[in-house]
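Working notes, beginning with the structure itself.
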Amino acid sequence: MQHLSIVTTGGTIDKVYFDDKSTYEIGEPQIGKILEALGVAFTFDVLPAMRKDSLHIEDADRDLLRRLIEAQPHKHVLVTHGTDTMVETAAVLGSIEEKVIILTGALNPARFQGSDAVFNIGCAVGAVQSLPDGVYIAMNGRIWNPAHVRKNRDANRFEPV
């Protein structure tokens, strides 16, 4: 992989909290800063598609995301996405051909100490360059087939269906 296209949608990975009552907004995408700090050996671009909590992503947003990914000239695409509806978005992207698409996110904001964001991004970067064409989810140290995974909100993790 020489180049990675990164499409951001918002979600917890990019959240900024303002007070103890959990008031937040979706901030600037963090993935570019993370990859630069890690000194990755490939080029990348960050394409902010939207800044939404995934609970607010609608069919029209998923259609926009699909068209944006299809229009990318590069084969390898990483999508940062909120975890609550990541599986639903992956299903919509599933028929895109001739690309390797990995969706990842975080259960805690990237700005938080101890966030899973860097680990999930690293896992996703490894996956995007080693898997065959298709759509996958990289969460909790595993690569998931979107048709066989769900988010367990009570346990705050992904698990097989």
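Numbering starts fresh at 1 for the residues of each chain in the structure tokens, the chains themselves are lettered A, B, ... in the order given, and ligands are numbered from 1 as they appear.
Residues with any atom within 12 Å of Lys151 in chain A, counting only C-alpha atoms and excluding same-chain neighbours fewer than 4 positions away, are Gly82, Thr83, Asp84, Thr85, Met86, Val87, Glu88, Gly105, Ala106, Leu107, Ile137, Met139, Asn140, Trp144, Pro146, Ala147, Ala155, Asn156, Arg157, Phe158, Glu159, Pro160 and Val161 of chain A.
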Write out as an NGL selection string the residues lying within 12 Å of Ile102 in chain A, counting only C-alpha atoms and excluding same-chain residues fewer than 2 positions away. :A and (4-8 or 69 or 75-81 or 86-87 or 89-91 or 93-94 or 99-100 or 104-105 or 120-139 or 142-146)
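For the residues A:Leu65, A:Ile57, A:Ile13, A:Ile31, ranking by smallest atom-to-atom distance to Asp45 in chain A using only C-alpha atoms places A:Ile31 first.
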Strand (DSSP E) residues, from DSSP on the backbone, in range 11-147 of chain A, as a PyMOL selection string: chain A and resi 15-17+24-26+43-52+76-80+100-104+134-139+142-144
Hey, can you check how far CA of Ile34 in chain A sits from CA of Val118 in chain A?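 Separation of CA of Ile34 in chain A and CA of Val118 in chain A: 7.1 Å.
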Select from chain A everything DSSP, run on the backbone, classes as alpha helix (DSSP H), then give the selection as a ChimeraX atom specification. /A:31-38,59-70,86-93,117-128
Suppose you want the space between CA of Gly32 in chain A and CA of Ser54 in chain A; what is it in Å?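 Interatomic distance here is 20.0 Å.
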Interatomic distance, CA of Arg51 in chain A to CA of Thr12 in chain A (Å, one decimal): 10.2 Å
As a list in words, please: the residues near range 40-42 of chain A (cut-off 8 Å, only C-alpha atoms, same-chain neighbours under 2 positions excluded).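 The neighbour list is Met1, Gln2, His3, Leu4, Leu35, Glu36, Leu38 and Phe44 of chain A.
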How about saving the chosen residues, N, CA and C atoms kept, as an mmCIF file, in the first residue's frame?
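The new file selection14.cif reads:
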data_model
loop_
_atom_site.group_PDB
_atom_site.id
_atom_site.type_symbol
_atom_site.label_atom_id
_atom_site.label_comp_id
_atom_site.auth_asym_id
_atom_site.auth_seq_id
_atom_site.Cartn_x
_atom_site.Cartn_y
_atom_site.Cartn_z
ATOM 1 N N MET A 1 0.852 -1.186 0.000
ATOM 2 C CA MET A 1 0.000 0.000 0.000
ATOM 3 C C MET A 1 0.886 1.233 0.000
ATOM 4 N N GLN A 2 0.685 2.059 -0.992
ATOM 5 C CA GLN A 2 1.425 3.316 -1.075
ATOM 6 C C GLN A 2 0.625 4.487 -0.497
ATOM 7 N N HIS A 3 -0.704 4.408 -0.662
ATOM 8 C CA HIS A 3 -1.542 5.533 -0.229
ATOM 9 C C HIS A 3 -2.822 5.005 0.421
ATOM 10 N N LEU A 4 -3.247 5.687 1.472
ATOM 11 C CA LEU A 4 -4.477 5.344 2.177
ATOM 12 C C LEU A 4 -5.422 6.540 2.140
ATOM 13 N N LEU A 35 -1.661 9.443 12.898
ATOM 14 C CA LEU A 35 -0.775 8.791 11.931
ATOM 15 C C LEU A 35 0.522 9.573 11.735
ATOM 16 N N GLU A 36 0.443 10.899 11.731
ATOM 17 C CA GLU A 36 1.657 11.717 11.624
ATOM 18 C C GLU A 36 2.565 11.491 12.823
ATOM 19 N N LEU A 38 2.824 8.899 14.603
ATOM 20 C CA LEU A 38 3.377 7.544 14.549
ATOM 21 C C LEU A 38 4.409 7.374 13.434
ATOM 22 N N PHE A 44 -1.181 9.505 2.949
ATOM 23 C CA PHE A 44 -2.613 9.411 3.218
ATOM 24 C C PHE A 44 -3.252 10.778 3.049
#
